[in-house]
$ cat input-v3.cif   # mmCIF, C-alpha atoms
data_run
#
loop_
_atom_site.label_atom_id
_atom_site.label_comp_id
_atom_site.auth_asym_id
_atom_site.auth_seq_id
_atom_site.Cartn_x
_atom_site.Cartn_y
_atom_site.Cartn_z
CA MET A 1 0.00 0.00 0.00
CA THR A 2 1.40 3.45 -0.92
CA LEU A 3 0.14 6.55 0.88
CA PHE A 4 1.00 10.12 -0.14
CA VAL A 5 0.84 12.44 2.84
CA GLY A 6 2.79 15.43 4.08
CA GLY A 7 4.97 15.66 0.99
CA ARG A 8 6.33 12.09 1.09
CA LEU A 9 5.44 8.67 -0.18
CA TRP A 10 4.90 6.21 2.67
CA LYS A 11 4.98 2.65 1.37
CA LEU A 12 3.59 -0.18 3.47
CA GLU A 13 4.25 -3.48 1.81
CA ALA A 14 1.39 -5.88 2.33
CA GLY A 15 3.64 -8.60 3.70
CA GLU A 16 5.41 -6.24 6.07
CA ALA A 17 2.16 -4.70 7.30
CA ALA A 18 0.57 -8.09 7.94
CA GLY A 19 3.70 -9.51 9.53
CA ALA A 20 4.02 -6.49 11.77
CA GLY A 21 0.44 -6.77 12.92
CA VAL A 22 -0.62 -3.54 11.20
CA ARG A 23 -3.91 -3.60 9.35
CA LEU A 24 -5.35 -0.27 8.24
CA ARG A 25 -8.78 -1.68 7.55
CA VAL A 26 -10.73 1.04 9.29
CA LEU A 27 -10.25 4.78 9.31
CA THR A 28 -12.73 7.05 11.01
CA SER A 29 -14.57 9.47 8.76
CA SER A 30 -12.69 12.40 10.27
CA VAL A 31 -9.32 10.83 9.46
CA ALA A 32 -10.47 9.85 5.98
CA SER A 33 -11.58 13.42 5.25
CA ALA A 34 -8.31 14.73 6.61
CA LEU A 35 -6.43 12.39 4.30
CA ALA A 36 -8.46 13.65 1.36
CA ARG A 37 -7.64 17.25 2.21
CA GLN A 38 -3.95 16.57 2.71
CA SER A 39 -3.25 14.02 -0.01
CA SER A 40 -2.13 16.65 -2.53
CA LEU A 41 0.36 18.33 -0.25
CA LEU A 42 4.05 18.11 -1.02
CA ARG A 43 5.58 20.25 1.70
CA THR A 44 5.15 20.23 5.45
CA SER A 45 6.77 21.68 8.52
CA ALA A 46 9.59 20.01 10.39
CA THR A 47 7.19 19.26 13.24
CA SER A 48 4.74 17.60 10.87
CA LYS A 49 7.49 15.47 9.39
CA GLU A 50 8.46 14.36 12.88
CA HIS A 51 4.85 13.42 13.60
CA LEU A 52 4.67 11.44 10.39
CA ARG A 53 7.91 9.69 11.17
CA ARG A 54 6.57 8.68 14.58
CA ALA A 55 3.19 7.75 13.15
CA LEU A 56 4.48 5.52 10.40
CA LEU A 57 8.11 4.51 10.63
CA GLU A 58 8.54 3.98 14.35
CA PRO A 59 5.38 1.86 14.80
CA LEU A 60 6.45 -0.35 11.92
CA GLN A 61 9.99 -0.69 13.22
CA THR A 62 8.73 -1.44 16.72
CA ARG A 63 6.28 -4.07 15.51
CA GLN A 64 8.91 -5.71 13.34
CA GLU A 65 11.14 -6.02 16.41
CA GLN A 66 8.23 -7.36 18.43
CA GLN A 67 7.51 -9.95 15.78
CA GLN A 68 10.90 -11.50 16.40
CA GLN A 69 10.67 -11.40 20.20
CA VAL A 70 6.99 -11.86 21.17
CA PRO A 71 4.75 -14.91 20.63
CA LEU A 72 2.27 -14.60 17.78
CA THR A 73 -0.73 -14.95 20.07
CA TYR A 74 0.36 -11.89 22.01
CA GLN A 75 0.76 -9.94 18.79
CA GLN A 76 -2.79 -10.80 17.86
CA GLN A 77 -4.04 -9.65 21.24
CA GLN A 78 -2.27 -6.32 20.81
CA GLN A 79 -3.29 -5.77 17.20
CA ASP A 80 -6.39 -3.66 17.85
CA ALA A 81 -4.60 -1.44 20.35
CA SER A 82 -1.71 -0.92 17.95
CA GLN A 83 -4.04 -0.04 15.09
CA THR A 84 -5.92 2.46 17.26
CA GLN A 85 -2.69 4.16 18.28
CA LEU A 86 -1.51 4.34 14.67
CA VAL A 87 -4.72 6.05 13.62
CA GLU A 88 -4.46 8.52 16.51
CA ASP A 89 -0.85 9.36 15.64
CA TRP A 90 -1.77 9.73 11.98
CA GLN A 91 -4.62 12.11 12.83
CA ALA A 92 -2.29 14.17 15.05
CA ALA A 93 0.19 14.44 12.19
CA LEU A 94 -2.47 15.68 9.79
CA GLN A 95 -3.79 18.20 12.30
CA ASP A 96 -0.28 19.48 12.89
CA ALA A 97 0.32 19.88 9.16
CA ALA A 98 -2.98 21.74 8.80
CA ARG A 99 -1.82 24.40 11.26
CA ASP A 100 0.77 25.52 8.68
CA PRO A 101 -0.78 24.43 5.37
CA PRO A 102 1.85 23.72 2.71
CA PRO A 103 1.34 24.49 -1.00
CA GLU A 104 -0.70 22.18 -3.14
CA ALA A 105 1.04 19.56 -5.23
CA CYS A 106 3.36 20.91 -7.88
CA GLN A 107 1.75 24.29 -8.41
CA ARG A 108 3.17 26.65 -10.98
CA LEU A 109 5.10 29.68 -9.75
CA LEU A 110 4.65 33.28 -10.76
CA TRP A 111 8.00 34.52 -12.04
CA PHE A 112 8.50 38.27 -11.71
CA THR A 113 11.05 40.56 -13.25
CA CYS A 114 10.99 44.36 -13.30
CA LEU A 115 11.56 47.32 -15.58
CA GLY A 116 11.27 50.87 -14.31
CA GLY A 117 11.32 54.23 -15.99
CA ALA A 118 11.08 55.54 -19.54
CA ALA A 119 14.36 53.94 -20.65
CA SER A 120 12.76 50.51 -20.36
CA ASN A 121 10.78 51.12 -23.56
CA SER A 122 13.84 51.22 -25.82
CA SER A 123 13.50 48.21 -28.11
CA ASP A 124 17.27 47.76 -28.49
CA GLY A 125 18.45 48.67 -24.98
CA ARG A 126 20.73 46.33 -23.09
CA TYR A 127 18.11 45.56 -20.46
CA VAL A 128 15.64 44.57 -23.15
CA LYS A 129 18.14 42.09 -24.59
CA PHE A 130 18.51 40.51 -21.17
CA LEU A 131 14.73 40.37 -20.81
CA LYS A 132 14.39 38.54 -24.12
CA VAL A 133 17.07 36.00 -23.21
CA ALA A 134 15.52 35.44 -19.78
CA MET A 135 12.08 34.94 -21.28
CA ARG A 136 13.19 32.58 -24.04
CA SER A 137 15.43 30.52 -21.78
CA ALA A 138 12.62 30.20 -19.22
CA LYS A 139 10.31 28.85 -21.90
CA GLN A 140 12.85 26.17 -22.71
CA HIS A 141 14.10 25.19 -19.27
CA ALA A 142 11.35 26.27 -16.84
CA PRO A 143 8.09 26.02 -18.78
CA SER A 144 5.95 25.86 -15.64
CA LEU A 145 6.89 29.40 -14.66
CA VAL A 146 4.26 32.08 -15.28
CA PRO A 147 6.16 35.19 -16.49
CA VAL A 148 5.07 38.58 -15.15
CA LEU A 149 6.77 41.87 -15.95
CA ILE A 150 6.30 44.57 -13.31
CA HIS A 151 6.58 47.75 -15.34
CA GLY A 152 7.05 51.18 -13.83
CA GLY A 153 6.65 53.01 -17.13
CA GLU A 154 4.18 53.32 -19.97
CA PRO A 155 3.15 50.73 -22.58
CA GLY A 156 5.54 50.47 -25.48
CA PRO A 157 7.41 48.04 -27.77
CA VAL A 158 8.90 46.11 -24.87
CA THR A 159 5.61 45.50 -23.10
CA GLN A 160 3.99 44.60 -26.41
CA TRP A 161 6.74 42.04 -27.15
CA PHE A 162 6.46 40.56 -23.66
CA THR A 163 2.71 40.13 -24.00
CA GLU A 164 3.09 38.55 -27.44
CA GLN A 165 5.46 36.02 -25.89
CA GLY A 166 2.77 34.92 -23.47
CA GLY A 167 3.81 37.07 -20.53
CA THR A 168 1.64 39.34 -18.38
CA VAL A 169 2.55 42.99 -17.87
CA VAL A 170 1.45 44.67 -14.67
CA TYR A 171 1.81 48.46 -14.67
CA HIS A 172 2.69 49.38 -11.14
CA THR A 173 3.91 52.43 -9.27
CA LEU A 174 6.27 51.66 -6.42
CA SER A 175 4.24 51.65 -3.23
CA PHE A 176 6.77 53.69 -1.27
CA LEU A 177 7.85 56.04 -4.10
CA PRO A 178 6.70 59.14 -2.13
CA GLU A 179 9.13 58.10 0.61
CA LEU A 180 12.01 57.95 -1.87
CA GLN A 181 11.01 61.29 -3.39
CA ARG A 182 10.96 62.95 0.01
CA VAL A 183 14.39 61.61 0.94
CA ALA A 184 15.81 62.50 -2.47
CA ASN A 185 14.71 66.10 -1.95
CA GLU A 186 16.01 66.30 1.59
CA SER A 187 18.91 63.92 1.92
CA TRP A 188 21.85 62.15 0.39
CA SER A 189 20.92 61.01 -3.09
CA ALA A 190 18.43 61.90 -5.78
CA LYS A 191 19.45 58.65 -7.44
CA LEU A 192 17.07 56.82 -5.11
CA VAL A 193 14.17 57.90 -7.31
CA ARG A 194 15.99 56.96 -10.51
CA MET A 195 16.62 53.52 -8.99
CA GLN A 196 12.94 52.89 -8.25
CA GLY A 197 12.96 50.01 -10.76
CA ALA A 198 15.34 48.11 -8.47
CA PHE A 199 12.97 48.55 -5.51
CA LEU A 200 9.97 47.23 -7.43
CA ARG A 201 10.88 43.66 -6.46
CA LEU A 202 9.91 44.44 -2.87
CA ASP A 203 6.38 45.11 -4.12
CA VAL A 204 5.96 41.58 -5.52
CA PRO A 205 3.44 40.63 -2.79
CA LEU A 206 1.34 43.69 -3.63
CA VAL A 207 1.44 42.82 -7.33
CA VAL A 208 0.32 39.25 -6.59
CA GLU A 209 -2.65 40.75 -4.75
CA GLN A 210 -3.30 43.08 -7.70
CA ILE A 211 -3.23 40.16 -10.15
CA ALA A 212 -5.79 38.27 -8.08
CA ARG A 213 -7.97 41.31 -7.44
CA GLU A 214 -8.10 42.46 -11.07
CA GLY A 215 -8.26 38.98 -12.56
CA LEU A 216 -5.17 39.56 -14.69
CA LEU A 217 -4.39 35.83 -14.72
CA ASP A 218 -6.27 32.60 -14.30
CA LEU A 219 -4.67 31.46 -11.07
CA ALA A 220 -5.84 27.86 -11.26
CA ASN A 221 -2.89 25.67 -10.19
CA ILE A 222 -0.71 28.78 -9.76
CA SER A 223 0.66 29.40 -6.30
CA THR A 224 -0.25 32.70 -4.68
CA ARG A 225 1.71 31.80 -1.56
CA TYR A 226 5.14 31.57 -3.18
CA ALA A 227 6.69 33.54 -6.04
CA LEU A 228 10.04 33.78 -7.82
CA TYR A 229 11.76 37.04 -8.68
CA THR A 230 14.85 37.43 -10.86
CA ASP A 231 16.79 40.34 -12.24
CA LEU A 232 16.63 40.83 -15.98
CA ASP A 233 20.21 39.64 -16.49
CA VAL A 234 19.60 35.95 -15.85
CA MET A 235 19.43 32.90 -18.05
CA PHE A 236 17.59 29.73 -17.07
CA VAL A 237 19.83 26.74 -17.76
CA GLY A 238 17.74 23.83 -16.51
CA GLY A 239 20.32 21.96 -14.48
CA GLN A 240 17.63 20.52 -12.18
CA GLY A 241 14.60 20.40 -14.46
CA ASP A 242 11.44 22.47 -14.35
CA ILE A 243 10.73 25.01 -11.61
CA ASN A 244 7.56 24.77 -9.53
CA THR A 245 6.54 24.47 -5.89
CA CYS A 246 7.80 20.88 -5.82
CA THR A 247 11.31 21.76 -6.97
CA ALA A 248 11.90 25.26 -5.59
CA PRO A 249 13.27 25.88 -2.08
CA LEU A 250 10.29 27.52 -0.35
CA PRO A 251 11.00 30.13 2.34
CA SER A 252 9.09 31.15 5.44
CA LEU A 253 9.71 34.79 4.47
CA VAL A 254 12.29 35.30 1.72
CA GLY A 255 15.14 33.32 0.21
CA PHE A 256 18.14 34.81 -1.53
CA GLY A 257 21.55 33.58 -2.45
CA PRO A 258 25.21 34.37 -2.93
CA GLU A 259 26.87 37.43 -4.34
CA ARG A 260 30.61 37.03 -4.80
CA TRP A 261 31.17 34.03 -2.55
CA LYS A 262 29.23 30.79 -2.51
CA GLY A 263 27.01 29.94 0.43
CA GLU A 264 26.10 33.45 1.51
CA ALA A 265 22.76 35.29 1.42
CA LYS A 266 23.66 38.67 -0.03
CA ASN A 267 22.40 38.99 -3.61
CA SER A 268 18.83 39.98 -4.44
CA GLY A 269 19.17 39.10 -8.13
CA VAL A 270 17.20 35.91 -7.44
CA LEU A 271 14.60 35.89 -4.70
CA LEU A 272 11.94 33.45 -3.58
CA PHE A 273 9.12 35.05 -1.63
CA ASN A 274 6.60 33.74 0.84
CA VAL A 275 4.01 36.17 -0.47
CA PRO A 276 1.66 36.52 2.56
CA ALA A 277 4.58 36.76 4.99
CA MET A 278 6.41 39.32 2.86
CA ALA A 279 3.23 41.39 2.45
CA GLN A 280 3.04 41.69 6.23
CA GLU A 281 6.74 42.50 6.46
CA LEU A 282 6.91 45.23 3.79
CA PRO A 283 5.51 48.07 5.96
CA ARG A 284 8.10 47.22 8.62
CA ILE A 285 10.88 47.32 6.01
CA VAL A 286 9.77 50.76 4.83
CA GLU A 287 9.52 51.99 8.44
CA TYR A 288 13.01 50.63 9.13
CA ALA A 289 14.38 52.55 6.12
CA ARG A 290 12.51 55.72 7.05
CA GLU A 291 13.93 55.72 10.57
CA ARG A 292 17.43 55.54 9.07
CA SER A 293 16.82 58.07 6.28
CA TRP A 294 17.21 55.20 3.80
CA GLN A 295 20.93 55.02 4.52
CA PRO A 296 21.04 51.18 4.24
CA CYS A 297 20.31 51.62 0.53
CA GLN A 298 23.77 53.09 0.02
CA GLN A 299 25.11 49.54 0.03
CA GLY A 300 23.28 47.95 -2.86
CA TRP A 301 19.95 49.82 -2.97
CA ASP A 302 17.11 47.34 -2.40
CA GLN A 303 19.65 44.60 -1.68
CA GLY A 304 21.31 46.56 1.09
CA LEU A 305 17.99 47.55 2.58
CA LEU A 306 16.72 43.96 2.63
CA ARG A 307 19.93 42.53 4.05
CA PHE A 308 20.26 45.05 6.86
CA TYR A 309 16.60 44.85 7.78
CA LEU A 310 16.64 41.07 8.01
CA ARG A 311 19.78 41.21 10.13
CA ASP A 312 18.64 43.94 12.52
CA ALA A 313 15.06 42.69 12.83
CA GLN A 314 16.31 39.12 13.24
CA ARG A 315 13.92 37.91 10.58
CA PRO A 316 14.42 34.53 8.85
CA ALA A 317 16.15 34.41 5.48
CA LEU A 318 16.53 31.20 3.54
CA VAL A 319 19.96 30.84 1.95
CA LEU A 320 19.22 29.62 -1.56
CA PRO A 321 21.45 26.92 -3.03
CA ASP A 322 24.26 28.43 -5.09
CA GLU A 323 22.82 26.78 -8.20
CA TRP A 324 19.84 29.13 -8.06
CA ASN A 325 22.10 32.17 -8.51
CA TRP A 326 25.09 30.74 -10.33
CA LYS A 327 27.91 32.99 -11.52
CA GLY A 328 30.14 32.57 -14.55
CA TYR A 329 33.30 33.32 -12.60
CA TRP A 330 32.73 30.12 -10.59
CA GLY A 331 33.12 27.92 -13.65
CA ALA A 332 30.84 25.21 -15.01
CA ASN A 333 28.15 23.49 -12.94
CA PRO A 334 25.81 21.00 -14.66
CA ALA A 335 23.35 21.38 -11.77
CA ALA A 336 22.96 25.15 -12.16
CA VAL A 337 19.33 26.29 -12.31
CA ILE A 338 19.72 30.00 -13.03
CA HIS A 339 22.81 31.64 -14.49
CA HIS A 340 23.12 35.23 -13.26
CA TRP A 341 25.23 37.59 -15.35
CA HIS A 342 26.67 39.16 -12.22
CA GLY A 343 30.03 40.64 -13.17
CA PRO A 344 31.14 40.56 -16.83
CA LYS A 345 28.08 40.70 -19.08
CA PRO A 346 27.65 39.52 -22.68
CA GLN A 347 27.94 42.07 -25.48
CA GLN A 348 29.64 44.35 -22.99
CA CYS A 349 32.85 43.74 -21.05
CA LEU A 350 32.62 39.99 -21.45
CA ALA A 351 33.23 40.25 -25.19
CA CYS A 352 36.52 42.03 -24.62
CA LEU A 353 37.61 39.64 -21.87
CA LEU A 354 36.86 36.60 -24.01
CA GLN A 355 38.94 38.05 -26.81
CA GLN A 356 41.81 38.32 -24.33
CA ARG A 357 41.55 34.74 -23.04
CA GLY A 358 44.93 33.34 -22.14
CA GLN A 359 46.60 36.74 -22.02
CA PRO A 360 48.53 37.92 -18.97
CA ARG A 361 46.68 39.97 -16.39
CA ALA A 362 48.35 43.24 -17.39
CA THR A 363 47.50 42.65 -21.07
CA TYR A 364 43.78 41.99 -20.69
CA ARG A 365 43.41 44.77 -18.13
CA ALA A 366 44.98 47.23 -20.54
CA ALA A 367 42.90 46.00 -23.49
CA CYS A 368 39.67 46.06 -21.46
CA ARG A 369 40.39 49.16 -19.40
CA ALA A 370 36.92 50.53 -20.16
CA CYS A 371 35.45 47.74 -18.04
CA PRO A 372 34.68 48.41 -14.38
CA LEU A 373 37.51 47.40 -12.06
CA ALA A 374 35.18 45.08 -10.10
CA GLN A 375 34.50 43.04 -13.26
CA LEU A 376 38.20 42.84 -14.09
CA ASN A 377 38.88 41.57 -10.59
CA LEU A 378 36.21 38.89 -10.95
CA TRP A 379 37.71 37.76 -14.24
CA SER A 380 41.01 37.23 -12.47
CA ASP A 381 39.40 34.43 -10.45
CA VAL A 382 37.83 32.50 -13.35
CA PRO A 383 38.88 28.87 -12.75
CA ASP A 384 38.64 27.48 -16.28
CA GLY A 385 40.19 30.19 -18.42
CA GLY A 386 36.72 31.42 -19.36
CA GLU A 387 35.50 28.19 -21.00
CA TYR A 388 32.17 28.26 -19.17
CA TYR A 389 31.70 31.91 -20.09
CA VAL A 390 32.25 31.02 -23.74
CA ARG A 391 29.47 28.44 -23.66
CA MET A 392 27.09 30.78 -21.84
CA ALA A 393 27.84 33.62 -24.27
CA VAL A 394 27.04 31.33 -27.20
CA ARG A 395 23.74 30.44 -25.56
CA PHE A 396 22.95 34.08 -24.90
CA ASN A 397 23.53 35.05 -28.53
CA SER A 398 21.55 32.05 -29.70
CA TYR A 399 18.52 33.14 -27.67
CA LEU A 400 18.81 36.65 -29.11
CA GLU A 401 19.21 35.58 -32.72
CA HIS A 402 17.08 32.42 -32.72
CA PRO A 403 14.06 32.79 -30.39
CA GLY A 404 13.32 29.08 -30.51
CA GLY A 405 16.90 28.09 -29.67
#

$ encode --input "input-v3.cif" --output "structure tokens"
Amino acid sequence: MTLFVGGRLWKLEAGEAAGAGVRLRVLTSSVASALARQSSLLRTSATSKEHLRRALLEPLQTRQEQQQQVPLTYQQQQQDASQTQLVEDWQAALQDAARDPPPEACQRLLWFTCLGGAASNSSDGRYVKFLKVAMRSAKQHAPSLVPVLIHGGEPGPVTQWFTEQGGTVVYHTLSFLPELQRVANESWSAKLVRMQGAFLRLDVPLVVEQIAREGLLDLANISTRYALYTDLDVMFVGGQGDINTCTAPLPSLVGFGPERWKGEAKNSGVLLFNVPAMAQELPRIVEYARERSWQPCQQGWDQGLLRFYLRDAQRPALVLPDEWNWKGYWGANPAAVIHHWHGPKPQQCLACLLQQRGQPRATYRAACRACPLAQLNLWSDVPDGGEYYVRMAVRFNSYLEHPGG
């Protein structure tokens, strides 16, 4: 017998169940209805998993040990009591799981990316090229994702193209833009307002609510509890198959991954949101920034704000696996899920650096002196002489030139 509960398959072989004195012939109607409600769930809390382990594995192990040590007649006498206890433990496990309901089985994820400002409508701008590559690579390697462009500008060629590709455009003004405008007029940097596109990712929970409220998408089998955000300059590479609620690491608040070094939670280029939790947290984040005159934004804009808030408020942050925010300067990784063009970017500095492959440090730095120093420093650490970058650049150009590639 195979039972699917709490995100795991629990297999009770008929011979083992009978030999262990376990017969699930009768379930009360309340337990049966609970099973029906929970049978589609693929995630559960750590406490629920512990309940399930006790409810299923330990009773079986105990009864198997008893079978070897206790006379059969005694086993038969204890059978009804054992079955009753198993049902009670099972019901407790389901009730525990229901207190923190996990997502339904293999739901699709909304995938958000953002463009802000008038420059986003240029049909040949560098950000638009990244958007096209991200969209086309997602179609190939993550077809379950539901692409949504949060747009802070007006309709134009870019939004038209995105819609024609099957995406949904949500025109949205940053919820705390007045705050940024006030600080820009009074304080350290007017660039805060110009960078409003970067802050749009923090409004993802509000946009999910807007999508549901305005009926912008049919949300059948689409999660509204979890959502994926990526920067424009990413490329889905499919190292672990499709992306949905069964395959994505799901956070209690927010998950983000590495910047320069593996294993750290510092880069907001790829984020996984717990939408209801983040919606409740957003006003606190804005209040935190207001109390500090938005100074945390000096270290990475939205990224700095999010990092410092989570640290100071002692809020949970899930460290995403490196493969979900993989960088070219780390070399090849067949298990990479999302390649993030953090550092040297295609059709920009990367082209020059690839032309200088194998050259001494002083030579390529002189030839590519127009590149930012930070990108030159990252290139110095490339472990494979740039071979992985070559393959990724070929893919990037292929997506640009051949939309079906």

$ residues_around --input "input-v3.cif" --residues "A:Leu177" --least-positions-apart "3" --cutoff "10 Å" --atoms "all atoms listed in the file" --output "list in words"
Thr173, Leu174, Leu180, Gln181, Arg182, Val183, Leu192, Val193, Gln196, Phe199 and Leu200 of chain A

$ residues_around --input "input-v3.cif" --residues "stretch 273-285 of chain A" --least-positions-apart "3" --cutoff "6 Å" --atoms "only C-alpha atoms" --output "JSON, numbers by chain"
{"A": [205, 225, 226, 227, 251, 252, 253, 254, 288]}

$ resolve_selection --input "input-v3.cif" --expression "the PyMOL selection byres ((chain A and resi 132) around 9)" --output "list of chain:residue names"
A:Tyr127, A:Val128, A:Lys129, A:Phe130, A:Leu131, A:Val133, A:Ala134, A:Met135, A:Arg136, A:Ser137, A:Trp161, A:Phe162, A:Leu232, A:Tyr399, A:Leu400, A:Pro403

$ resolve_selection --input "input-v3.cif" --expression "the PyMOL selection byres ((chain A and resi 143) around 12)" --output "list in words"
Arg108, Leu109, Leu110, Trp111, Met135, Arg136, Ser137, Ala138, Lys139, Gln140, His141, Ala142, Ser144, Leu145, Val146, Pro147, Gly166, Gly167, Phe236, Val237, Gly238, Gly241, Asp242, Ile243 and Asn244 of chain A

$ write_last_selection --input "input-v3.cif" --atoms "C-alpha atoms" --output "mmCIF file, keeping the file's coordinate frame"
data_model
loop_
_atom_site.group_PDB
_atom_site.id
_atom_site.type_symbol
_atom_site.label_atom_id
_atom_site.label_comp_id
_atom_site.auth_asym_id
_atom_site.auth_seq_id
_atom_site.Cartn_x
_atom_site.Cartn_y
_atom_site.Cartn_z
ATOM 1 C CA ARG A 108 3.170 26.650 -10.980
ATOM 2 C CA LEU A 109 5.100 29.680 -9.750
ATOM 3 C CA LEU A 110 4.650 33.280 -10.760
ATOM 4 C CA TRP A 111 8.000 34.520 -12.040
ATOM 5 C CA MET A 135 12.080 34.940 -21.280
ATOM 6 C CA ARG A 136 13.190 32.580 -24.040
ATOM 7 C CA SER A 137 15.430 30.520 -21.780
ATOM 8 C CA ALA A 138 12.620 30.200 -19.220
ATOM 9 C CA LYS A 139 10.310 28.850 -21.900
ATOM 10 C CA GLN A 140 12.850 26.170 -22.710
ATOM 11 C CA HIS A 141 14.100 25.190 -19.270
ATOM 12 C CA ALA A 142 11.350 26.270 -16.840
ATOM 13 C CA SER A 144 5.950 25.860 -15.640
ATOM 14 C CA LEU A 145 6.890 29.400 -14.660
ATOM 15 C CA VAL A 146 4.260 32.080 -15.280
ATOM 16 C CA PRO A 147 6.160 35.190 -16.490
ATOM 17 C CA GLY A 166 2.770 34.920 -23.470
ATOM 18 C CA GLY A 167 3.810 37.070 -20.530
ATOM 19 C CA PHE A 236 17.590 29.730 -17.070
ATOM 20 C CA VAL A 237 19.830 26.740 -17.760
ATOM 21 C CA GLY A 238 17.740 23.830 -16.510
ATOM 22 C CA GLY A 241 14.600 20.400 -14.460
ATOM 23 C CA ASP A 242 11.440 22.470 -14.350
ATOM 24 C CA ILE A 243 10.730 25.010 -11.610
ATOM 25 C CA ASN A 244 7.560 24.770 -9.530
#

$ closest_residue --input "input-v3.cif" --among "A:Arg391, A:Arg361, A:Arg369, A:Arg290" --to "A:Asn333" --atoms "all atoms listed in the file"
A:Arg391

$ atom_distance --input "input-v3.cif" --atom1 "atom CA of A:Asp203" --atom2 "atom CA of A:Val337"
24.3 Å

$ atom_distance --input "input-v3.cif" --atom1 "atom CA of A:Trp330" --atom2 "atom CA of A:Thr230"
19.3 Å

$ closest_residue --input "input-v3.cif" --among "A:Gly269, A:Gly197, A:Pro258, A:Pro316" --to "A:His340" --atoms "only C-alpha atoms"
A:Gly269

$ atom_distance --input "input-v3.cif" --atom1 "atom CA of A:Ala317" --atom2 "atom CA of A:Gly257"
9.6 Å

$ closest_residue --input "input-v3.cif" --among "A:Glu164, A:Asp322, A:Asp381, A:Asp231" --to "A:Glu259" --atoms "all atoms listed in the file"
A:Asp322

$ closest_residue --input "input-v3.cif" --among "A:Asn221, A:Ser268, A:Gln240, A:Gln165" --to "A:Leu202" --atoms "all atoms listed in the file"
A:Ser268

$ closest_residue --input "input-v3.cif" --among "A:Gly343, A:Gly328, A:Gly255, A:Gly386" --to "A:Leu310" --atoms "only C-alpha atoms"
A:Gly255

$ axis_aligned_box --input "input-v3.cif" --around "stretch 372-375 of chain A" --padding-each-side "4 Å" --output "AutoDock Vina command-line options"
--center_x 36.0 --center_y 45.7 --center_z -12.2 --size_x 11.0 --size_y 13.4 --size_z 12.3

$ residues_around --input "input-v3.cif" --residues "stretch 297-299 of chain A" --least-positions-apart "2" --cutoff "12 Å" --atoms "all atoms listed in the file" --output "number ranges by chain"
A: 180, 183, 188-193, 195-196, 198-199, 266-267, 285-286, 288-290, 292-295, 301-309

$ write_last_selection --input "input-v3.cif" --atoms "C-alpha atoms" --output "JSON list (two decimals), keeping the file's coordinate frame"
[["chain", "number", "residue", "atom", "x", "y", "z"],
["A", 180, "LEU", "CA", 12.01, 57.95, -1.87],
["A", 183, "VAL", "CA", 14.39, 61.61, 0.94],
["A", 188, "TRP", "CA", 21.85, 62.15, 0.39],
["A", 189, "SER", "CA", 20.92, 61.01, -3.09],
["A", 190, "ALA", "CA", 18.43, 61.90, -5.78],
["A", 191, "LYS", "CA", 19.45, 58.65, -7.44],
["A", 192, "LEU", "CA", 17.07, 56.82, -5.11],
["A", 193, "VAL", "CA", 14.17, 57.90, -7.31],
["A", 195, "MET", "CA", 16.62, 53.52, -8.99],
["A", 196, "GLN", "CA", 12.94, 52.89, -8.25],
["A", 198, "ALA", "CA", 15.34, 48.11, -8.47],
["A", 199, "PHE", "CA", 12.97, 48.55, -5.51],
["A", 266, "LYS", "CA", 23.66, 38.67, -0.03],
["A", 267, "ASN", "CA", 22.40, 38.99, -3.61],
["A", 285, "ILE", "CA", 10.88, 47.32, 6.01],
["A", 286, "VAL", "CA", 9.77, 50.76, 4.83],
["A", 288, "TYR", "CA", 13.01, 50.63, 9.13],
["A", 289, "ALA", "CA", 14.38, 52.55, 6.12],
["A", 290, "ARG", "CA", 12.51, 55.72, 7.05],
["A", 292, "ARG", "CA", 17.43, 55.54, 9.07],
["A", 293, "SER", "CA", 16.82, 58.07, 6.28],
["A", 294, "TRP", "CA", 17.21, 55.20, 3.80],
["A", 295, "GLN", "CA", 20.93, 55.02, 4.52],
["A", 301, "TRP", "CA", 19.95, 49.82, -2.97],
["A", 302, "ASP", "CA", 17.11, 47.34, -2.40],
["A", 303, "GLN", "CA", 19.65, 44.60, -1.68],
["A", 304, "GLY", "CA", 21.31, 46.56, 1.09],
["A", 305, "LEU", "CA", 17.99, 47.55, 2.58],
["A", 306, "LEU", "CA", 16.72, 43.96, 2.63],
["A", 307, "ARG", "CA", 19.93, 42.53, 4.05],
["A", 308, "PHE", "CA", 20.26, 45.05, 6.86],
["A", 309, "TYR", "CA", 16.60, 44.85, 7.78]]

$ closest_residue --input "input-v3.cif" --among "A:Met392, A:Leu353, A:Ala265, A:Leu378" --to "A:Ala332" --atoms "all atoms listed in the file"
A:Met392

$ resolve_selection --input "input-v3.cif" --expression "the PyMOL selection byres ((chain A and resi 116) around 6)" --output "PDB file with C-alpha atoms, in the coordinates of the input"
ATOM      1  CA  LEU A 115      11.560  47.320 -15.580  1.00  0.00           C
ATOM      2  CA  GLY A 117      11.320  54.230 -15.990  1.00  0.00           C
ATOM      3  CA  HIS A 151       6.580  47.750 -15.340  1.00  0.00           C
ATOM      4  CA  GLY A 152       7.050  51.180 -13.830  1.00  0.00           C
ATOM      5  CA  GLY A 153       6.650  53.010 -17.130  1.00  0.00           C
ATOM      6  CA  GLY A 197      12.960  50.010 -10.760  1.00  0.00           C
TER       7      GLY A 197
END
